[in-house]
Every structure is written in structure tokens, then in C-alpha cells.
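J.: Below is one structure. I have some questions about it.
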Amino acid sequence: MQEELENKVLVTGAAGFIGFHLTKQLLDLGFEVIGLDNLNDYYDVNLKLARLKELGIDQAVISYNETLQSAKFSKFQFIKLNLEDREQLPQLFKEHSFKIVCNLAAQAGVRYSLENPEAYIDSNVVGFLNILECCRNYNIEHLVYATSSSVYGQNKKIPFSVKDNVDHPISLYAATKKSNELMAHTYGHLFNFKTTGLRFFTVYGPWGRPDMAMFLFTNAIINAKPIKVFNNGNLERDFTFIDDIIDGILKIVTSKKEQKSNYSLYNIGNSKPVKLLDFINEIESELDIKAEKEMLPMQAGDVERTWADVSDLKRDFGYKPRTSIKEGVRKYIDWYKEYYIQNK
Ligand SMILES: NC(=O)c1ccc[n+]([C@@H]2O[C@H](COP(=O)([O-])OP(=O)(O)OC[C@H]3O[C@@H](n4cnc5c(N)ncnc54)[C@H](O)[C@@H]3O)[C@@H](O)[C@H]2O)c1
């Protein structure tokens with residue numbers, strides 16, 4: 001029974017890109033997982049439903065606040081819920097006695113935060129506060145939560161280190177993620193539970209988000225449409241393959257190591273930035289199609305370069321990203337063809 005409890009994890013954003021992969025791996029390791037997601041339509045809901053189908057939740061319509069049992073995994077249940085729901089969220093915590101919470105649900109995307117700032121405050125600030133309150137009131141031992149490389153803003157020092165000052169976010173998205181780090185610090189200190197924030201660096205791979213470059217480029221090239229290349233291609237991203245990200249999260253979740261303080265914060269990236277034009281080249285050569293490039297100026301809120309210093313995560317948990325950009329792009333495109341072309 002004790003073992004069961006220790007193995008019971010809440011994954012929020014379970015129908016999302018990273019949450020889906022994390023849920024699958026946790027189940028494979030024998031954890032009991034409750035997956036939560038509000039299935040919002042920021043991007044194609046069918047992709048979220050298809051991910052859930054992979055997890056054994058095969059329903060075209062899912063009612064709010066109804067718990068569904070997976071047909072594939074005896075230890076997986078899914079619930080459609082808003083993080084902002086101040087009544088039902090505590091009920092869920094009360095019912096399940098989680099020991100570990102992985103909060104990946106959020107309004108993601110830098111650019112959309114200029115269009116719909118409210119969504120970011122609702123999910124990422126109000127929603128995150130509700131998660132913290134539940135962790136406080138229901139004896140959660142460890143909260144692992146997603147923050148973002150975007151907190152570094154226009155940081156000039158490279159690679160980006162968690163010791164660098166991040167007081168100057170240049171998008172509301174980044175500001176909400178920085179707020180999460182501050183809020184987690186406060187709650188861990190006041191109410192004595194462990195929090196680990198992970199600053200993700202441009203995650204890509206199978207089942208990836210359709211608002212991100214990997215999908216946008218692949219989709220446009222395959223459909224003979226021009227691709228939008230911002231800042232005339234003078235951008236660099238520390239693209240990180242999904243399996244390496246999940247491997248890092250699992251190392252943290254399964255670690256029995258005593259942490260020095262209740263507050264931990266890590267970069268989780270590949271630590272090998274790739275020039276945007278080289279990234280496009282990889283996609284072109286994998287597809288064997290030349291892209292038509294529309295060169296455009298820098299977008300508001302965007303940053304020129306990201307590069308993760310992951311030495312802390314290596315030192316503390318033996319994190320070691322393994323996937324080259326070539327291999328990662330190939331795996332993504334294999335999945336893209338299967339999901340978007342063969343299955344349709
Ligand atoms: N993918 C990346 O490159 C990247 C980079 C930096 C940070 N992150 C962060 O990692 C986390 C996961 O990102 P992702 O790429 O899987 O995004 P995603 O959009 O695919 O997944 C997030 C999921 O959360 C759900 N959600 C959003 N708001 C919610 C709410 N209020 N209540 C309940 N569910 C809600 C969405 O429906 C979605 O399925 C997010 O916090 C994101 O900000 C991602």
C-alpha cells in the first residue's frame with residue numbers, strides 16, 4: 001500500500017506533448033498515473049485525443065470532471081479538468097493522495113502571449129497557484145514543474161546558467177514561467193515540500209506541438225508552401241529531443257537522493273545550439289525536398305539564441321542528452337508521415 005502511494009503520480013497536461021510522453025514512460029516503469037488535462041483548443045484537439053488514445057483512453061467526447069479508466073494500462077486514469085478549478089482540483093488531490101505531482105499543464109507558446117495574455121495568467125499563474133495550494137494541503141512530497149528557457153530573455157552570456165539573472169523577460173509567457181519559479185520557492189519554503197523547476201529548451205519529437213517550428217516547417221515543405229524564416233535565419237535554438245527530456249524528468253522523479261533544499265531549479269536542454277538554417281537543412285534532406293524560404297524580420301517577444309548549461313543536472317542526476325539533431329529530425333519525420341499522411 002505504502003509502495004502504491006509512493007508510486008502514485010499526478011501528471012497535468014497529460015494530453016499535451018511532453019505530458020503524454022512522460023505519462024507513457026511512468027506507466028512503463030510501473031507507476032500509477034492520474035493524467036489531467038482540460039483539452040483546450042489552443043491547437044488541434046484531435047492530436048490531444050490521439051495521444052490519449054495511445055494511452056488507452058479512446059473517446060471522441062470527454063465530459064468535464066469525469067474520471068476515465070484506460071483500456072490499455074490498468075494503472076492509468078484520465079480526468080478532464082481545469083487547473084483553475086478551485087473546487088474540483090482539491091477534490092482530486094483528496095481522493096488520490098499523490099506523493100508526486102508533475103505539473104506540465106500550461107498555456108505554452110511565446111507568440112500567442114501577445115494575442116491572448118489572459119490565457120497565460122489563468123493557466124500559468126492562477127492554475128499554478130491552485131497546484132501549489134493542493135501540494136500544501138494534501139502533503140505532496142515533490143512537485144516537479146515546467147518552466148522555460150524563455151525566462152532568459154535576451155541574456156547575452158552563453159551558455160545560459162540557472163545562476164544568471166532572469167529579471168528581464170521579454171514575453172508575458174516568460175514572465176508567467178519566472179513567476180512560477182518564485183511561487184514555488186515561496187511554497188516550498190513556507191510549507192516544507194520539495195519543488196523542482198525544469199527550464200525546458202525547445203523540445204521536439206514525435207507527437208510534437210503543431211505551433212512549433214518542427215511541425216510548421218515539415219508541414220509547409222511537404223505541402224509545397226513557403227516556410228517563414230524569422231530574423232532572416234539568424235536564430236539559434238538548443239533543440240532537445242523528447243526522449244532526452246523524458247529521461248531527465250524520470251531521473252528526477254525516481255531519485256531517492258536527499259536534496260539540500262526544498263527549492264531546485266535546472267536547465268534541461270541538449271546544450272548544443274543549432275542554427276535555424278541548419279535545422280531547416282536537416283528537414284530538407286530528410287524529406288528530400290527543398291524549402292521555399294520567406295525571409296522575415298525578428299518577431300516581437302522572440303529571442304535570438306538559446307543554449308542550456310546542463311552541468312547541474314549532469315552532476316546531480318547523471319543527465320546526458322543523447323539524440324543528435326539528425327536522428328531527432330528523422331524520428332520526427334517518420335512519425336509525421338505515419339500520423340498525418342498514412343493514417344488520414
Ligand atoms: N515544448 C517545449 O518546447 C517547451 C519549452 C519550454 C517550456 N515548455 C513547457 O512545458 C510544458 C508542456 O509543454 P508542451 O509542449 O507539452 O505543451 P502542450 O500545449 O502540448 O501541453 C500542455 C497541455 O496542458 C493543457 N492545459 C493548458 N492549460 C490548462 C489548464 N488551465 N488546465 C488543464 N490543462 C491545461 C493543454 O490542453 C495541453 O494539452 C508547458 O508548461 C510548457 O510551457 C515546453
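Each chain in the C-alpha cells gets a letter, A, B and so on, in the order shown; residues start at 1 in every chain, and ligands are counted from 1 in the order they appear.
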Would you pick out the contacts of Leu47 (chain A) at 10 Å or less, using only C-alpha atoms, so that residues sharing its chain but fewer than 4 positions from it are not included, and give the list as a PyMOL selection string?
T.: chain A and resi 15-17+39+43+51-53+207-210+339
J.: If the limit is 7 Å from any atom of ligand 1, counting only C-alpha atoms and all ligand atoms, which residues qualify? Return them as a PDB file with N, CA, C and O atoms, in the first residue's frame.
T.:
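Dumped to part.pdb:
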```pdb
ATOM      1  N   THR A  12      -0.123  16.660 -14.877  1.00  0.00           N
ATOM      2  CA  THR A  12      -1.040  17.618 -15.504  1.00  0.00           C
ATOM      3  C   THR A  12      -0.517  17.924 -16.912  1.00  0.00           C
ATOM      4  O   THR A  12       0.684  17.865 -17.156  1.00  0.00           O
ATOM      5  N   GLY A  13      -1.454  18.191 -17.826  1.00  0.00           N
ATOM      6  CA  GLY A  13      -1.054  18.377 -19.225  1.00  0.00           C
ATOM      7  C   GLY A  13      -0.775  17.024 -19.879  1.00  0.00           C
ATOM      8  O   GLY A  13       0.028  16.930 -20.809  1.00  0.00           O
ATOM      9  N   ALA A  14      -1.458  15.976 -19.401  1.00  0.00           N
ATOM     10  CA  ALA A  14      -1.169  14.602 -19.857  1.00  0.00           C
ATOM     11  C   ALA A  14      -1.543  14.366 -21.316  1.00  0.00           C
ATOM     12  O   ALA A  14      -1.047  13.428 -21.932  1.00  0.00           O
ATOM     13  N   ALA A  15      -2.425  15.196 -21.857  1.00  0.00           N
ATOM     14  CA  ALA A  15      -2.761  15.047 -23.282  1.00  0.00           C
ATOM     15  C   ALA A  15      -1.871  15.942 -24.137  1.00  0.00           C
ATOM     16  O   ALA A  15      -1.984  15.970 -25.367  1.00  0.00           O
ATOM     17  N   GLY A  16      -0.995  16.682 -23.500  1.00  0.00           N
ATOM     18  CA  GLY A  16      -0.066  17.565 -24.210  1.00  0.00           C
ATOM     19  C   GLY A  16       1.161  16.785 -24.662  1.00  0.00           C
ATOM     20  O   GLY A  16       1.327  15.598 -24.348  1.00  0.00           O
ATOM     21  N   PHE A  17       2.021  17.455 -25.385  1.00  0.00           N
ATOM     22  CA  PHE A  17       3.196  16.810 -25.996  1.00  0.00           C
ATOM     23  C   PHE A  17       4.087  16.141 -24.939  1.00  0.00           C
ATOM     24  O   PHE A  17       4.310  14.923 -24.957  1.00  0.00           O
ATOM     25  N   ILE A  18       4.595  16.921 -24.002  1.00  0.00           N
ATOM     26  CA  ILE A  18       5.557  16.368 -23.043  1.00  0.00           C
ATOM     27  C   ILE A  18       4.842  15.482 -22.006  1.00  0.00           C
ATOM     28  O   ILE A  18       5.316  14.401 -21.651  1.00  0.00           O
ATOM     29  N   GLY A  19       3.662  15.932 -21.561  1.00  0.00           N
ATOM     30  CA  GLY A  19       2.902  15.184 -20.550  1.00  0.00           C
ATOM     31  C   GLY A  19       2.516  13.794 -21.029  1.00  0.00           C
ATOM     32  O   GLY A  19       2.544  12.823 -20.262  1.00  0.00           O
ATOM     33  N   LEU A  36      -4.227  14.571 -16.030  1.00  0.00           N
ATOM     34  CA  LEU A  36      -5.226  15.661 -16.045  1.00  0.00           C
ATOM     35  C   LEU A  36      -4.935  16.563 -17.231  1.00  0.00           C
ATOM     36  O   LEU A  36      -3.770  16.846 -17.536  1.00  0.00           O
ATOM     37  N   ASP A  37      -5.979  17.038 -17.878  1.00  0.00           N
ATOM     38  CA  ASP A  37      -5.809  17.993 -18.979  1.00  0.00           C
ATOM     39  C   ASP A  37      -7.179  18.603 -19.262  1.00  0.00           C
ATOM     40  O   ASP A  37      -8.197  17.919 -19.145  1.00  0.00           O
ATOM     41  N   ASN A  38      -7.203  19.870 -19.644  1.00  0.00           N
ATOM     42  CA  ASN A  38      -8.514  20.449 -19.983  1.00  0.00           C
ATOM     43  C   ASN A  38      -8.823  20.346 -21.473  1.00  0.00           C
ATOM     44  O   ASN A  38      -9.868  20.800 -21.925  1.00  0.00           O
ATOM     45  N   LEU A  39      -7.891  19.765 -22.229  1.00  0.00           N
ATOM     46  CA  LEU A  39      -8.092  19.541 -23.677  1.00  0.00           C
ATOM     47  C   LEU A  39      -8.515  20.816 -24.397  1.00  0.00           C
ATOM     48  O   LEU A  39      -9.437  20.805 -25.225  1.00  0.00           O
ATOM     49  N   ASN A  40      -7.866  21.916 -24.090  1.00  0.00           N
ATOM     50  CA  ASN A  40      -8.264  23.184 -24.732  1.00  0.00           C
ATOM     51  C   ASN A  40      -7.870  23.196 -26.204  1.00  0.00           C
ATOM     52  O   ASN A  40      -7.082  22.373 -26.669  1.00  0.00           O
ATOM     53  N   LYS A  48      -4.532  15.910 -29.390  1.00  0.00           N
ATOM     54  CA  LYS A  48      -4.566  15.597 -27.953  1.00  0.00           C
ATOM     55  C   LYS A  48      -5.345  14.297 -27.717  1.00  0.00           C
ATOM     56  O   LYS A  48      -4.927  13.439 -26.939  1.00  0.00           O
ATOM     57  N   LEU A  81      -9.982  18.329 -16.609  1.00  0.00           N
ATOM     58  CA  LEU A  81     -10.184  19.325 -15.544  1.00  0.00           C
ATOM     59  C   LEU A  81      -9.344  20.562 -15.831  1.00  0.00           C
ATOM     60  O   LEU A  81      -8.279  20.459 -16.434  1.00  0.00           O
ATOM     61  N   ASN A  82      -9.828  21.709 -15.371  1.00  0.00           N
ATOM     62  CA  ASN A  82      -9.043  22.943 -15.463  1.00  0.00           C
ATOM     63  C   ASN A  82      -8.210  23.121 -14.206  1.00  0.00           C
ATOM     64  O   ASN A  82      -8.737  22.960 -13.103  1.00  0.00           O
ATOM     65  N   LEU A  83      -6.955  23.522 -14.390  1.00  0.00           N
ATOM     66  CA  LEU A  83      -6.140  23.847 -13.206  1.00  0.00           C
ATOM     67  C   LEU A  83      -6.793  24.972 -12.403  1.00  0.00           C
ATOM     68  O   LEU A  83      -6.614  25.079 -11.198  1.00  0.00           O
ATOM     69  N   GLU A  84      -7.552  25.811 -13.090  1.00  0.00           N
ATOM     70  CA  GLU A  84      -8.173  26.963 -12.418  1.00  0.00           C
ATOM     71  C   GLU A  84      -9.368  26.565 -11.554  1.00  0.00           C
ATOM     72  O   GLU A  84      -9.900  27.406 -10.824  1.00  0.00           O
ATOM     73  N   LEU A 104       2.801  19.893 -15.894  1.00  0.00           N
ATOM     74  CA  LEU A 104       3.206  20.280 -17.247  1.00  0.00           C
ATOM     75  C   LEU A 104       2.108  21.057 -17.953  1.00  0.00           C
ATOM     76  O   LEU A 104       2.334  21.628 -19.014  1.00  0.00           O
ATOM     77  N   ALA A 105       0.913  21.071 -17.388  1.00  0.00           N
ATOM     78  CA  ALA A 105      -0.184  21.837 -17.997  1.00  0.00           C
ATOM     79  C   ALA A 105       0.157  23.320 -17.917  1.00  0.00           C
ATOM     80  O   ALA A 105       0.581  23.812 -16.879  1.00  0.00           O
ATOM     81  N   ALA A 106      -0.018  23.997 -19.029  1.00  0.00           N
ATOM     82  CA  ALA A 106       0.206  25.444 -19.060  1.00  0.00           C
ATOM     83  C   ALA A 106      -0.259  25.958 -20.402  1.00  0.00           C
ATOM     84  O   ALA A 106      -0.418  25.192 -21.353  1.00  0.00           O
ATOM     85  N   GLN A 107      -0.475  27.249 -20.465  1.00  0.00           N
ATOM     86  CA  GLN A 107      -0.626  27.864 -21.776  1.00  0.00           C
ATOM     87  C   GLN A 107       0.783  28.077 -22.306  1.00  0.00           C
ATOM     88  O   GLN A 107       1.537  28.883 -21.762  1.00  0.00           O
ATOM     89  N   ALA A 108       1.144  27.299 -23.322  1.00  0.00           N
ATOM     90  CA  ALA A 108       2.500  27.376 -23.882  1.00  0.00           C
ATOM     91  C   ALA A 108       2.521  28.349 -25.065  1.00  0.00           C
ATOM     92  O   ALA A 108       1.484  28.835 -25.504  1.00  0.00           O
ATOM     93  N   GLY A 109       3.722  28.601 -25.569  1.00  0.00           N
ATOM     94  CA  GLY A 109       3.887  29.437 -26.769  1.00  0.00           C
ATOM     95  C   GLY A 109       4.192  30.887 -26.432  1.00  0.00           C
ATOM     96  O   GLY A 109       3.453  31.523 -25.695  1.00  0.00           O
ATOM     97  N   ASP A 122      -4.438  32.917 -16.510  1.00  0.00           N
ATOM     98  CA  ASP A 122      -5.385  31.908 -15.994  1.00  0.00           C
ATOM     99  C   ASP A 122      -4.688  30.562 -15.748  1.00  0.00           C
ATOM    100  O   ASP A 122      -4.739  30.019 -14.649  1.00  0.00           O
ATOM    101  N   SER A 123      -4.052  30.028 -16.767  1.00  0.00           N
ATOM    102  CA  SER A 123      -3.472  28.674 -16.631  1.00  0.00           C
ATOM    103  C   SER A 123      -2.159  28.683 -15.852  1.00  0.00           C
ATOM    104  O   SER A 123      -1.929  27.823 -15.019  1.00  0.00           O
ATOM    105  N   GLY A 127      -3.726  28.911 -12.230  1.00  0.00           N
ATOM    106  CA  GLY A 127      -3.673  27.437 -12.218  1.00  0.00           C
ATOM    107  C   GLY A 127      -2.509  26.934 -11.388  1.00  0.00           C
ATOM    108  O   GLY A 127      -2.648  25.986 -10.613  1.00  0.00           O
ATOM    109  N   ALA A 146       7.112  22.508 -14.997  1.00  0.00           N
ATOM    110  CA  ALA A 146       7.741  23.015 -16.216  1.00  0.00           C
ATOM    111  C   ALA A 146       7.911  24.518 -16.146  1.00  0.00           C
ATOM    112  O   ALA A 146       6.950  25.250 -15.937  1.00  0.00           O
ATOM    113  N   THR A 147       9.145  24.965 -16.342  1.00  0.00           N
ATOM    114  CA  THR A 147       9.342  26.380 -16.610  1.00  0.00           C
ATOM    115  C   THR A 147      10.000  26.420 -17.999  1.00  0.00           C
ATOM    116  O   THR A 147       9.815  25.475 -18.775  1.00  0.00           O
ATOM    117  N   SER A 148      10.718  27.454 -18.347  1.00  0.00           N
ATOM    118  CA  SER A 148      11.091  27.560 -19.760  1.00  0.00           C
ATOM    119  C   SER A 148      12.388  28.341 -19.979  1.00  0.00           C
ATOM    120  O   SER A 148      12.705  29.265 -19.215  1.00  0.00           O
ATOM    121  N   SER A 149      13.074  27.998 -21.062  1.00  0.00           N
ATOM    122  CA  SER A 149      14.285  28.741 -21.440  1.00  0.00           C
ATOM    123  C   SER A 149      13.953  30.193 -21.763  1.00  0.00           C
ATOM    124  O   SER A 149      14.841  31.047 -21.757  1.00  0.00           O
ATOM    125  N   ARG A 199      13.661  24.122 -16.609  1.00  0.00           N
ATOM    126  CA  ARG A 199      13.599  25.067 -17.735  1.00  0.00           C
ATOM    127  C   ARG A 199      13.844  24.292 -19.026  1.00  0.00           C
ATOM    128  O   ARG A 199      14.988  23.970 -19.359  1.00  0.00           O
ATOM    129  N   PHE A 200      12.752  23.973 -19.726  1.00  0.00           N
ATOM    130  CA  PHE A 200      12.863  23.208 -20.971  1.00  0.00           C
ATOM    131  C   PHE A 200      13.378  24.089 -22.099  1.00  0.00           C
ATOM    132  O   PHE A 200      12.977  25.247 -22.233  1.00  0.00           O
ATOM    133  N   PHE A 201      14.224  23.492 -22.951  1.00  0.00           N
ATOM    134  CA  PHE A 201      14.753  24.182 -24.124  1.00  0.00           C
ATOM    135  C   PHE A 201      14.201  23.515 -25.394  1.00  0.00           C
ATOM    136  O   PHE A 201      14.503  22.359 -25.667  1.00  0.00           O
ATOM    137  N   THR A 202      13.389  24.261 -26.156  1.00  0.00           N
ATOM    138  CA  THR A 202      12.817  23.839 -27.462  1.00  0.00           C
ATOM    139  C   THR A 202      12.743  22.321 -27.667  1.00  0.00           C
ATOM    140  O   THR A 202      13.596  21.727 -28.333  1.00  0.00           O
ATOM    141  N   VAL A 203      11.698  21.753 -27.108  1.00  0.00           N
ATOM    142  CA  VAL A 203      11.523  20.298 -27.164  1.00  0.00           C
ATOM    143  C   VAL A 203      10.869  19.915 -28.506  1.00  0.00           C
ATOM    144  O   VAL A 203       9.924  20.567 -28.935  1.00  0.00           O
ATOM    145  N   TYR A 204      11.385  18.874 -29.144  1.00  0.00           N
ATOM    146  CA  TYR A 204      10.801  18.424 -30.406  1.00  0.00           C
ATOM    147  C   TYR A 204      10.825  16.898 -30.447  1.00  0.00           C
ATOM    148  O   TYR A 204      11.565  16.256 -29.697  1.00  0.00           O
ATOM    149  N   ARG A 209       4.177  19.519 -30.850  1.00  0.00           N
ATOM    150  CA  ARG A 209       3.141  20.551 -30.971  1.00  0.00           C
ATOM    151  C   ARG A 209       3.092  21.158 -32.369  1.00  0.00           C
ATOM    152  O   ARG A 209       4.131  21.513 -32.920  1.00  0.00           O
TER     153      ARG A 209
END
```
J.: Quick one: everything within 9 Å of region 316-329 of chain A, counting only C-alpha atoms, minus sequence neighbours fewer than 3 positions away in the same chain. Send it as a PyMOL selection string.
T.: chain A and resi 204-206+214+239-245+247-248+251-252+255+257+268-271+274+279+282-283+286+310-313+332-334
J.: May I have the selected residues written with C-alpha atoms, as a PDB file, in the first residue's frame?
T.:
```pdb
ATOM      1  CA  TYR A 204      10.801  18.424 -30.406  1.00  0.00           C
ATOM      2  CA  GLY A 205       9.971  14.888 -31.479  1.00  0.00           C
ATOM      3  CA  PRO A 206       7.086  12.558 -32.342  1.00  0.00           C
ATOM      4  CA  MET A 214       9.448  21.387 -36.350  1.00  0.00           C
ATOM      5  CA  PHE A 239      16.672  21.840 -29.834  1.00  0.00           C
ATOM      6  CA  THR A 240      16.158  18.989 -27.380  1.00  0.00           C
ATOM      7  CA  PHE A 241      14.719  15.633 -28.363  1.00  0.00           C
ATOM      8  CA  ILE A 242      11.701  14.479 -26.369  1.00  0.00           C
ATOM      9  CA  ASP A 243      13.277  11.171 -25.204  1.00  0.00           C
ATOM     10  CA  ASP A 244      16.183  13.061 -23.633  1.00  0.00           C
ATOM     11  CA  ILE A 245      13.749  15.381 -21.857  1.00  0.00           C
ATOM     12  CA  ASP A 247      14.865  10.678 -19.431  1.00  0.00           C
ATOM     13  CA  GLY A 248      15.868  13.771 -17.435  1.00  0.00           C
ATOM     14  CA  LYS A 251      15.862  10.696 -13.286  1.00  0.00           C
ATOM     15  CA  ILE A 252      14.499  13.427 -11.017  1.00  0.00           C
ATOM     16  CA  SER A 255      15.739   9.765  -7.468  1.00  0.00           C
ATOM     17  CA  LYS A 257      18.724  11.337  -3.247  1.00  0.00           C
ATOM     18  CA  ILE A 268      17.058  20.738 -19.310  1.00  0.00           C
ATOM     19  CA  GLY A 269      18.338  21.064 -22.866  1.00  0.00           C
ATOM     20  CA  ASN A 270      20.669  19.455 -25.367  1.00  0.00           C
ATOM     21  CA  SER A 271      23.422  22.012 -24.757  1.00  0.00           C
ATOM     22  CA  VAL A 274      21.691  24.552 -33.839  1.00  0.00           C
ATOM     23  CA  PHE A 279      17.815  22.850 -38.781  1.00  0.00           C
ATOM     24  CA  GLU A 282      18.171  18.680 -41.880  1.00  0.00           C
ATOM     25  CA  ILE A 283      14.442  18.686 -42.570  1.00  0.00           C
ATOM     26  CA  GLU A 286      15.308  14.050 -44.607  1.00  0.00           C
ATOM     27  CA  VAL A 310      23.110  21.483 -18.116  1.00  0.00           C
ATOM     28  CA  SER A 311      26.118  20.833 -15.871  1.00  0.00           C
ATOM     29  CA  ASP A 312      23.996  20.942 -12.672  1.00  0.00           C
ATOM     30  CA  LEU A 313      21.587  18.331 -13.978  1.00  0.00           C
ATOM     31  CA  TYR A 332      10.000  13.224 -36.058  1.00  0.00           C
ATOM     32  CA  ILE A 333       9.504  12.966 -39.806  1.00  0.00           C
ATOM     33  CA  ASP A 334       8.881   9.199 -39.626  1.00  0.00           C
TER      34      ASP A 334
END
```
J.: Report as a list in words all protein, DNA and RNA residues lying within 9 Å of Arg305 (chain A), evaluated on only C-alpha atoms, omitting residues in the same chain fewer than 5 positions from it.
T.: Gln154, Asn155, Lys156, Asn234, Leu235, Glu236, Arg237, Asp238, Pro273 and Lys275 of chain A
J.: Got time to write the residues from that selection, C-alpha atoms, as a short mmCIF file (atom, residue, chain, number, x, y, z; two decimals), in the first residue's frame?
T.:
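This is the output file selection_17.cif:
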```cif
data_model
loop_
_atom_site.label_atom_id
_atom_site.label_comp_id
_atom_site.auth_asym_id
_atom_site.auth_seq_id
_atom_site.Cartn_x
_atom_site.Cartn_y
_atom_site.Cartn_z
CA GLN A 154 17.95 38.48 -24.24
CA ASN A 155 20.63 37.02 -21.97
CA LYS A 156 23.96 37.61 -23.69
CA ASN A 234 19.84 34.42 -37.74
CA LEU A 235 18.43 32.40 -34.88
CA GLU A 236 19.84 29.55 -32.87
CA ARG A 237 17.95 27.10 -30.73
CA ASP A 238 19.05 24.43 -28.33
CA PRO A 273 22.55 25.00 -30.17
CA LYS A 275 21.45 27.40 -36.36
#
```
J.: Give the answer as one residue: which of A:Glu115, A:Glu54, A:Asp278, A:Asp302 has the shortest atom-to-atom distance to Tyr152 (chain A), using only C-alpha atoms?
T.: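 Of A:Glu115, A:Glu54, A:Asp278, A:Asp302, the one nearest Tyr152 (chain A), counting only C-alpha atoms, is A:Asp302.
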J.: What is the CA of Leu114 (chain A) to CA of Lys177 (chain A) distance in Å?
T.: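 It comes out at 15.1 Å.
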J.: Please identify which residues in region 44-92 of chain A DSSP calls strand (DSSP E or B) from the backbone, and express them as JSON, numbers by chain.
T.: {"A": [67, 68, 69, 76, 77, 78, 79, 80]}
J.: Which residues, written as a list in words, have at least one atom at most 7 Å from Glu32 (chain A), with only C-alpha atoms counted and residues fewer than 6 positions away on the same chain left out?
T.: Asn7, Lys8, Val9, Lys75 and Phe76 of chain A
J.: Just the residues within 8 Å of Val162 (chain A), please, counting only C-alpha atoms, with nothing from its chain fewer than 5 positions along; format it as a PyMOL selection string.
T.: chain A and resi 265-267+309
J.: Let me see the file: selected residues, all heavy atoms, as a PDB file, in the first residue's frame.
T.:
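Writing done, so here's part_16.pdb:
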```pdb
ATOM      1  N   LEU A 265      16.184  24.065  -9.167  1.00  0.00           N
ATOM      2  CA  LEU A 265      15.878  24.615 -10.488  1.00  0.00           C
ATOM      3  C   LEU A 265      16.974  24.167 -11.452  1.00  0.00           C
ATOM      4  O   LEU A 265      18.164  24.297 -11.139  1.00  0.00           O
ATOM      5  CB  LEU A 265      15.866  26.147 -10.381  1.00  0.00           C
ATOM      6  CG  LEU A 265      15.454  26.937 -11.598  1.00  0.00           C
ATOM      7  CD1 LEU A 265      14.007  26.630 -11.983  1.00  0.00           C
ATOM      8  CD2 LEU A 265      15.600  28.432 -11.315  1.00  0.00           C
ATOM      9  N   TYR A 266      16.567  23.602 -12.586  1.00  0.00           N
ATOM     10  CA  TYR A 266      17.556  23.103 -13.554  1.00  0.00           C
ATOM     11  C   TYR A 266      17.192  23.519 -14.971  1.00  0.00           C
ATOM     12  O   TYR A 266      16.013  23.607 -15.319  1.00  0.00           O
ATOM     13  CB  TYR A 266      17.593  21.564 -13.537  1.00  0.00           C
ATOM     14  CG  TYR A 266      18.099  20.978 -12.244  1.00  0.00           C
ATOM     15  CD1 TYR A 266      17.201  20.549 -11.267  1.00  0.00           C
ATOM     16  CD2 TYR A 266      19.465  20.843 -12.002  1.00  0.00           C
ATOM     17  CE1 TYR A 266      17.651  20.010 -10.082  1.00  0.00           C
ATOM     18  CE2 TYR A 266      19.924  20.299 -10.807  1.00  0.00           C
ATOM     19  CZ  TYR A 266      19.013  19.886  -9.853  1.00  0.00           C
ATOM     20  OH  TYR A 266      19.470  19.357  -8.680  1.00  0.00           O
ATOM     21  N   ASN A 267      18.229  23.689 -15.783  1.00  0.00           N
ATOM     22  CA  ASN A 267      18.034  23.728 -17.231  1.00  0.00           C
ATOM     23  C   ASN A 267      17.940  22.302 -17.709  1.00  0.00           C
ATOM     24  O   ASN A 267      18.679  21.429 -17.230  1.00  0.00           O
ATOM     25  CB  ASN A 267      19.258  24.333 -17.928  1.00  0.00           C
ATOM     26  CG  ASN A 267      19.334  25.829 -17.780  1.00  0.00           C
ATOM     27  OD1 ASN A 267      18.323  26.502 -17.625  1.00  0.00           O
ATOM     28  ND2 ASN A 267      20.556  26.362 -17.837  1.00  0.00           N
ATOM     29  N   ASP A 309      23.106  25.476 -20.259  1.00  0.00           N
ATOM     30  CA  ASP A 309      24.182  24.887 -19.456  1.00  0.00           C
ATOM     31  C   ASP A 309      23.498  23.829 -18.584  1.00  0.00           C
ATOM     32  O   ASP A 309      22.695  24.167 -17.714  1.00  0.00           O
ATOM     33  CB  ASP A 309      24.821  25.989 -18.596  1.00  0.00           C
ATOM     34  CG  ASP A 309      25.869  25.448 -17.623  1.00  0.00           C
ATOM     35  OD1 ASP A 309      25.900  24.225 -17.407  1.00  0.00           O
ATOM     36  OD2 ASP A 309      26.624  26.269 -17.073  1.00  0.00           O
TER      37      ASP A 309
END
```
